Amino acid sequence: MSAAFRRAASKIATLEALKEVCAEARRAGKTIAFANGCFDLLHVGHVRYLQGARAEGDLLIVGVNADASVRRLKGEGRPLQNEQDRALLVAALHAVDWVVVFSEDTVENLLLALRPDAHCKGTDYTEDSVPERHVVKGYGGRVAIVGDPKDHNTSALLARLAKR
């Protein structure tokens, strides 16, 4: 196993471990940004989204939907890659400090447990359309819309591949 692989794998943590990471970061005066997604077929839009999220805090934690959650959200035949592989790919990105896999369909429980300063969503949302906005504002956090225009997504890539 390469050093780069071990380094990426070491960035995948449990919720309990990340609670302590957040507490330590806050004691050190650092801010925490949080982003989430399925990341089923990693593409440039994901990279730009996560780079934008990283700019919102000193530390970026990314929630990756578990396989069962992706199936419920995206339908049969998804995910294309299992949760461990998807988490590892996200963890390998330079912008990402930590990754946690979660099984719920929303990130409300993660947000309440970690209380990030910024909950980052892509440009397919507005601040008013983010489902968890009330949770975030309830504990004093903020919603940040980050990334480039939503010109690419996994479903569209899969449709293009199917045509070929």
# chains A, B, ... in the order shown; residues from 1 in each chain; ligands from 1
$ residues_around --residues "Ile61 of chain A" --least-positions-apart "2" --cutoff "7 Å" --atoms "only C-alpha atoms" --output "ChimeraX atom specification"
/A:33-35,59,63,96-99
$ write_last_selection --atoms "N, CA, C and O atoms" --output "PDB file, in the first residue's frame"
ATOM      1  N   ALA A  33     -15.712  23.788   7.997  1.00  0.00           N
ATOM      2  CA  ALA A  33     -16.650  23.763   6.874  1.00  0.00           C
ATOM      3  C   ALA A  33     -17.077  22.315   6.669  1.00  0.00           C
ATOM      4  O   ALA A  33     -16.303  21.381   6.927  1.00  0.00           O
ATOM      5  N   PHE A  34     -18.293  22.134   6.213  1.00  0.00           N
ATOM      6  CA  PHE A  34     -18.843  20.801   5.981  1.00  0.00           C
ATOM      7  C   PHE A  34     -19.504  20.777   4.605  1.00  0.00           C
ATOM      8  O   PHE A  34     -20.216  21.708   4.227  1.00  0.00           O
ATOM      9  N   ALA A  35     -19.258  19.713   3.862  1.00  0.00           N
ATOM     10  CA  ALA A  35     -19.902  19.486   2.565  1.00  0.00           C
ATOM     11  C   ALA A  35     -20.355  18.034   2.536  1.00  0.00           C
ATOM     12  O   ALA A  35     -19.877  17.219   3.334  1.00  0.00           O
ATOM     13  N   LEU A  59     -10.823  23.943   8.116  1.00  0.00           N
ATOM     14  CA  LEU A  59     -10.887  22.485   8.085  1.00  0.00           C
ATOM     15  C   LEU A  59     -12.130  22.094   7.297  1.00  0.00           C
ATOM     16  O   LEU A  59     -13.187  22.684   7.488  1.00  0.00           O
ATOM     17  N   GLY A  63     -19.170  14.642   4.243  1.00  0.00           N
ATOM     18  CA  GLY A  63     -20.036  13.499   4.472  1.00  0.00           C
ATOM     19  C   GLY A  63     -20.316  12.804   3.155  1.00  0.00           C
ATOM     20  O   GLY A  63     -20.720  13.454   2.187  1.00  0.00           O
ATOM     21  N   VAL A  96      -9.741  18.210   0.978  1.00  0.00           N
ATOM     22  CA  VAL A  96     -10.506  17.501   2.010  1.00  0.00           C
ATOM     23  C   VAL A  96      -9.612  17.109   3.184  1.00  0.00           C
ATOM     24  O   VAL A  96      -8.576  16.477   3.005  1.00  0.00           O
ATOM     25  N   ASP A  97     -10.053  17.477   4.393  1.00  0.00           N
ATOM     26  CA  ASP A  97      -9.311  17.102   5.600  1.00  0.00           C
ATOM     27  C   ASP A  97      -9.818  15.804   6.202  1.00  0.00           C
ATOM     28  O   ASP A  97      -9.028  14.993   6.684  1.00  0.00           O
ATOM     29  N   TRP A  98     -11.144  15.621   6.216  1.00  0.00           N
ATOM     30  CA  TRP A  98     -11.748  14.438   6.837  1.00  0.00           C
ATOM     31  C   TRP A  98     -12.970  14.003   6.041  1.00  0.00           C
ATOM     32  O   TRP A  98     -13.663  14.840   5.453  1.00  0.00           O
ATOM     33  N   VAL A  99     -13.268  12.711   6.099  1.00  0.00           N
ATOM     34  CA  VAL A  99     -14.446  12.142   5.452  1.00  0.00           C
ATOM     35  C   VAL A  99     -15.168  11.259   6.458  1.00  0.00           C
ATOM     36  O   VAL A  99     -14.524  10.524   7.226  1.00  0.00           O
TER      37      VAL A  99
END
$ select_by_dssp --residues "chain A" --states "strand (DSSP E)" --output "VMD selection string"
chain A and resid 32 to 37 59 to 65 98 to 102 118 to 121 142 to 145
$ write_last_selection --atoms "N, CA, C and O atoms" --output "CSV table (one decimal), in the first residue's frame"
chain,number,residue,atom,x,y,z
A,32,ILE,N,-14.7,25.4,10.9
A,32,ILE,CA,-15.0,24.1,10.3
A,32,ILE,C,-16.0,24.3,9.2
A,32,ILE,O,-17.1,24.9,9.4
A,33,ALA,N,-15.7,23.8,8.0
A,33,ALA,CA,-16.6,23.8,6.9
A,33,ALA,C,-17.1,22.3,6.7
A,33,ALA,O,-16.3,21.4,6.9
A,34,PHE,N,-18.3,22.1,6.2
A,34,PHE,CA,-18.8,20.8,6.0
A,34,PHE,C,-19.5,20.8,4.6
A,34,PHE,O,-20.2,21.7,4.2
A,35,ALA,N,-19.3,19.7,3.9
A,35,ALA,CA,-19.9,19.5,2.6
A,35,ALA,C,-20.4,18.0,2.5
A,35,ALA,O,-19.9,17.2,3.3
A,36,ASN,N,-21.3,17.7,1.6
A,36,ASN,CA,-21.7,16.3,1.6
A,36,ASN,C,-22.2,16.0,0.2
A,36,ASN,O,-22.5,16.8,-0.6
A,37,GLY,N,-22.3,14.7,-0.1
A,37,GLY,CA,-22.8,14.2,-1.4
A,37,GLY,C,-22.6,12.7,-1.5
A,37,GLY,O,-22.0,12.0,-0.7
A,59,LEU,N,-10.8,23.9,8.1
A,59,LEU,CA,-10.9,22.5,8.1
A,59,LEU,C,-12.1,22.1,7.3
A,59,LEU,O,-13.2,22.7,7.5
A,60,LEU,N,-12.0,21.1,6.4
A,60,LEU,CA,-13.2,20.7,5.6
A,60,LEU,C,-13.4,19.2,5.9
A,60,LEU,O,-12.6,18.3,5.7
A,61,ILE,N,-14.7,19.0,6.4
A,61,ILE,CA,-15.2,17.6,6.6
A,61,ILE,C,-16.2,17.3,5.6
A,61,ILE,O,-17.1,18.2,5.3
A,62,VAL,N,-16.1,16.2,4.9
A,62,VAL,CA,-17.1,15.8,3.9
A,62,VAL,C,-17.9,14.5,4.3
A,62,VAL,O,-17.3,13.5,4.6
A,63,GLY,N,-19.2,14.6,4.2
A,63,GLY,CA,-20.0,13.5,4.5
A,63,GLY,C,-20.3,12.8,3.2
A,63,GLY,O,-20.7,13.5,2.2
A,64,VAL,N,-20.1,11.5,3.1
A,64,VAL,CA,-20.3,10.7,1.9
A,64,VAL,C,-21.5,9.8,2.2
A,64,VAL,O,-21.4,9.0,3.2
A,65,ASN,N,-22.5,9.8,1.4
A,65,ASN,CA,-23.7,8.9,1.6
A,65,ASN,C,-23.3,7.5,1.5
A,65,ASN,O,-22.6,7.1,0.6
A,98,TRP,N,-11.1,15.6,6.2
A,98,TRP,CA,-11.7,14.4,6.8
A,98,TRP,C,-13.0,14.0,6.0
A,98,TRP,O,-13.7,14.8,5.5
A,99,VAL,N,-13.3,12.7,6.1
A,99,VAL,CA,-14.4,12.1,5.5
A,99,VAL,C,-15.2,11.3,6.5
A,99,VAL,O,-14.5,10.5,7.2
A,100,VAL,N,-16.5,11.3,6.4
A,100,VAL,CA,-17.3,10.4,7.3
A,100,VAL,C,-18.4,9.9,6.4
A,100,VAL,O,-19.0,10.6,5.6
A,101,VAL,N,-18.7,8.6,6.5
A,101,VAL,CA,-19.7,7.9,5.7
A,101,VAL,C,-21.0,8.0,6.6
A,101,VAL,O,-20.9,7.6,7.8
A,102,PHE,N,-22.1,8.4,6.0
A,102,PHE,CA,-23.3,8.4,6.8
A,102,PHE,C,-24.5,7.7,6.1
A,102,PHE,O,-24.5,7.7,4.9
A,118,ALA,N,-19.7,26.5,8.7
A,118,ALA,CA,-20.3,26.6,7.4
A,118,ALA,C,-20.8,25.3,6.8
A,118,ALA,O,-20.0,24.3,6.8
A,119,HIS,N,-22.0,25.2,6.4
A,119,HIS,CA,-22.6,24.1,5.7
A,119,HIS,C,-22.6,24.4,4.3
A,119,HIS,O,-23.3,25.4,3.9
A,120,CYS,N,-21.8,23.8,3.5
A,120,CYS,CA,-21.6,24.2,2.1
A,120,CYS,C,-22.4,23.3,1.1
A,120,CYS,O,-22.4,22.1,1.2
A,121,LYS,N,-23.1,23.9,0.2
A,121,LYS,CA,-23.9,23.2,-0.8
A,121,LYS,C,-23.5,23.8,-2.2
A,121,LYS,O,-23.0,24.9,-2.3
A,142,ARG,N,-23.7,28.9,9.4
A,142,ARG,CA,-24.2,29.6,8.2
A,142,ARG,C,-24.2,28.7,7.0
A,142,ARG,O,-23.4,27.7,7.0
A,143,VAL,N,-25.0,28.9,6.0
A,143,VAL,CA,-25.0,28.2,4.8
A,143,VAL,C,-24.2,28.9,3.8
A,143,VAL,O,-24.3,30.1,3.6
A,144,ALA,N,-23.3,28.2,3.0
A,144,ALA,CA,-22.5,28.8,2.0
A,144,ALA,C,-22.8,28.0,0.7
A,144,ALA,O,-22.7,26.8,0.6
A,145,ILE,N,-23.1,28.7,-0.4
A,145,ILE,CA,-23.3,28.1,-1.7
A,145,ILE,C,-21.9,28.3,-2.4
A,145,ILE,O,-21.4,29.4,-2.6
$ residues_around --residues "Asp85 of chain A" --least-positions-apart "4" --cutoff "12 Å" --atoms "only C-alpha atoms" --output "PyMOL selection string"
chain A and resi 5+8-9+12+38-42+64-67+79-81+89-92+99+101
$ write_last_selection --atoms "N, CA and C atoms" --output "compact mmCIF listing (two decimals), in the first residue's frame"
# COMPACT_ATOMS: atom_id res chain seq x y z
N PHE A 5 -1.97 6.34 -0.53
CA PHE A 5 -3.18 5.57 -0.22
C PHE A 5 -3.42 5.55 1.28
N ALA A 8 -4.67 8.96 2.48
CA ALA A 8 -6.10 9.18 2.16
C ALA A 8 -6.97 8.34 3.08
N ALA A 9 -6.62 7.08 3.27
CA ALA A 9 -7.43 6.19 4.13
C ALA A 9 -7.47 6.71 5.56
N ILE A 12 -10.42 9.09 6.67
CA ILE A 12 -11.79 8.59 6.81
C ILE A 12 -12.00 8.24 8.28
N CYS A 38 -23.09 12.20 -2.65
CA CYS A 38 -22.94 10.78 -2.98
C CYS A 38 -21.57 10.50 -3.61
N PHE A 39 -21.10 11.42 -4.45
CA PHE A 39 -19.80 11.30 -5.11
C PHE A 39 -19.65 9.95 -5.79
N ASP A 40 -20.69 9.56 -6.51
CA ASP A 40 -20.74 8.23 -7.13
C ASP A 40 -19.76 8.08 -8.28
N LEU A 41 -19.62 9.09 -9.08
CA LEU A 41 -18.66 9.10 -10.18
C LEU A 41 -17.98 10.46 -10.10
N LEU A 42 -16.83 10.49 -9.45
CA LEU A 42 -16.15 11.75 -9.17
C LEU A 42 -15.86 12.50 -10.47
N VAL A 64 -20.08 11.50 3.10
CA VAL A 64 -20.35 10.69 1.91
C VAL A 64 -21.50 9.75 2.22
N ASN A 65 -22.54 9.80 1.40
CA ASN A 65 -23.69 8.93 1.60
C ASN A 65 -23.30 7.46 1.51
N ALA A 66 -23.80 6.66 2.44
CA ALA A 66 -23.59 5.20 2.41
C ALA A 66 -24.34 4.61 1.22
N ASP A 67 -23.98 3.40 0.86
CA ASP A 67 -24.57 2.74 -0.31
C ASP A 67 -26.10 2.70 -0.27
N PRO A 79 -25.34 2.91 -5.94
CA PRO A 79 -24.18 3.58 -6.50
C PRO A 79 -23.40 2.67 -7.46
N LEU A 80 -22.57 3.30 -8.25
CA LEU A 80 -21.69 2.56 -9.16
C LEU A 80 -20.49 2.00 -8.41
N GLN A 81 -20.06 2.74 -7.40
CA GLN A 81 -18.91 2.34 -6.59
C GLN A 81 -19.37 2.22 -5.14
N LEU A 89 -11.81 8.01 -2.53
CA LEU A 89 -11.59 8.98 -3.62
C LEU A 89 -11.74 10.41 -3.11
N VAL A 90 -12.76 10.67 -2.33
CA VAL A 90 -12.98 12.01 -1.79
C VAL A 90 -11.84 12.36 -0.83
N ALA A 91 -11.45 11.43 0.01
CA ALA A 91 -10.38 11.68 0.98
C ALA A 91 -9.04 11.97 0.30
N ALA A 92 -8.85 11.44 -0.90
CA ALA A 92 -7.59 11.65 -1.62
C ALA A 92 -7.46 13.07 -2.18
N VAL A 99 -13.27 12.71 6.10
CA VAL A 99 -14.45 12.14 5.45
C VAL A 99 -15.17 11.26 6.46
N VAL A 101 -18.66 8.59 6.45
CA VAL A 101 -19.74 7.95 5.71
C VAL A 101 -20.97 7.96 6.61
$ atom_distance --atom1 "atom CA of Thr14 of chain A" --atom2 "atom CA of Asp124 of chain A"
28.3 Å
$ residues_around --residues "Gly147 of chain A" --least-positions-apart "3" --cutoff "10 Å" --atoms "only C-alpha atoms" --output "ChimeraX atom specification"
/A:45-53,120-124,144,150
$ write_last_selection --atoms "C-alpha atoms" --output "compact mmCIF listing (two decimals), in the first residue's frame"
# COMPACT_ATOMS: atom_id res chain seq x y z
CA GLY A 45 -17.89 19.61 -10.56
CA HIS A 46 -17.26 17.66 -7.36
CA VAL A 47 -13.66 18.88 -7.21
CA ARG A 48 -14.70 22.51 -7.69
CA TYR A 49 -17.48 22.13 -5.11
CA LEU A 50 -15.06 20.74 -2.54
CA GLN A 51 -12.42 23.39 -3.31
CA GLY A 52 -15.08 26.04 -2.78
CA ALA A 53 -16.16 24.39 0.48
CA CYS A 120 -21.59 24.16 2.07
CA LYS A 121 -23.90 23.23 -0.79
CA GLY A 122 -23.44 23.39 -4.55
CA THR A 123 -24.79 26.00 -6.92
CA ASP A 124 -27.86 23.92 -7.70
CA ALA A 144 -22.52 28.78 1.96
CA LYS A 150 -24.07 23.07 -12.12
$ select_by_dssp --residues "chain A" --states "alpha helix (DSSP H)" --output "MDAnalysis selection string"
chainID A and resid 3:9 15:27 44:54 67:74 83:91 108:114 133:138 154:163
$ residues_around --residues "Thr31 of chain A" --least-positions-apart "6" --cutoff "7 Å" --atoms "only C-alpha atoms" --output "list in words"
Gly57, Asp58, Leu59 and Asp117 of chain A
$ residues_around --residues "Gly138 of chain A" --least-positions-apart "6" --cutoff "12 Å" --atoms "only C-alpha atoms" --output "PyMOL selection string"
chain A and resi 108+111-112+115-117+132
$ write_last_selection --atoms "N, CA, C and O atoms" --output "PDB file, in the first residue's frame"
ATOM      1  N   GLU A 108     -28.706  16.145   8.569  1.00  0.00           N
ATOM      2  CA  GLU A 108     -29.102  16.873   9.782  1.00  0.00           C
ATOM      3  C   GLU A 108     -28.404  16.344  11.036  1.00  0.00           C
ATOM      4  O   GLU A 108     -27.915  17.130  11.850  1.00  0.00           O
ATOM      5  N   LEU A 111     -24.787  17.408  11.070  1.00  0.00           N
ATOM      6  CA  LEU A 111     -24.672  18.834  11.365  1.00  0.00           C
ATOM      7  C   LEU A 111     -24.869  19.114  12.852  1.00  0.00           C
ATOM      8  O   LEU A 111     -24.121  19.895  13.447  1.00  0.00           O
ATOM      9  N   LEU A 112     -25.859  18.477  13.444  1.00  0.00           N
ATOM     10  CA  LEU A 112     -26.111  18.687  14.877  1.00  0.00           C
ATOM     11  C   LEU A 112     -24.967  18.152  15.736  1.00  0.00           C
ATOM     12  O   LEU A 112     -24.637  18.726  16.770  1.00  0.00           O
ATOM     13  N   ARG A 115     -21.635  20.484  14.275  1.00  0.00           N
ATOM     14  CA  ARG A 115     -21.871  21.926  14.318  1.00  0.00           C
ATOM     15  C   ARG A 115     -20.819  22.728  13.542  1.00  0.00           C
ATOM     16  O   ARG A 115     -20.166  23.625  14.103  1.00  0.00           O
ATOM     17  N   PRO A 116     -20.669  22.431  12.255  1.00  0.00           N
ATOM     18  CA  PRO A 116     -19.691  23.190  11.470  1.00  0.00           C
ATOM     19  C   PRO A 116     -20.090  24.662  11.353  1.00  0.00           C
ATOM     20  O   PRO A 116     -21.282  24.998  11.380  1.00  0.00           O
ATOM     21  N   ASP A 117     -19.099  25.509  11.206  1.00  0.00           N
ATOM     22  CA  ASP A 117     -19.364  26.937  11.040  1.00  0.00           C
ATOM     23  C   ASP A 117     -20.083  27.193   9.722  1.00  0.00           C
ATOM     24  O   ASP A 117     -20.948  28.059   9.645  1.00  0.00           O
ATOM     25  N   GLU A 132     -31.346  21.715   5.030  1.00  0.00           N
ATOM     26  CA  GLU A 132     -30.899  21.752   6.434  1.00  0.00           C
ATOM     27  C   GLU A 132     -30.659  23.166   6.959  1.00  0.00           C
ATOM     28  O   GLU A 132     -30.123  23.340   8.043  1.00  0.00           O
TER      29      GLU A 132
END
$ closest_residue --among "A:Ala28, A:Ala17, A:Arg6, A:Thr106" --to "Arg133 of chain A" --atoms "only C-alpha atoms"
A:Thr106
$ residues_around --residues "Cys22 of chain A" --least-positions-apart "3" --cutoff "8 Å" --atoms "only C-alpha atoms" --output "MDAnalysis selection string"
chainID A and resid 18:19 25:26 32 114
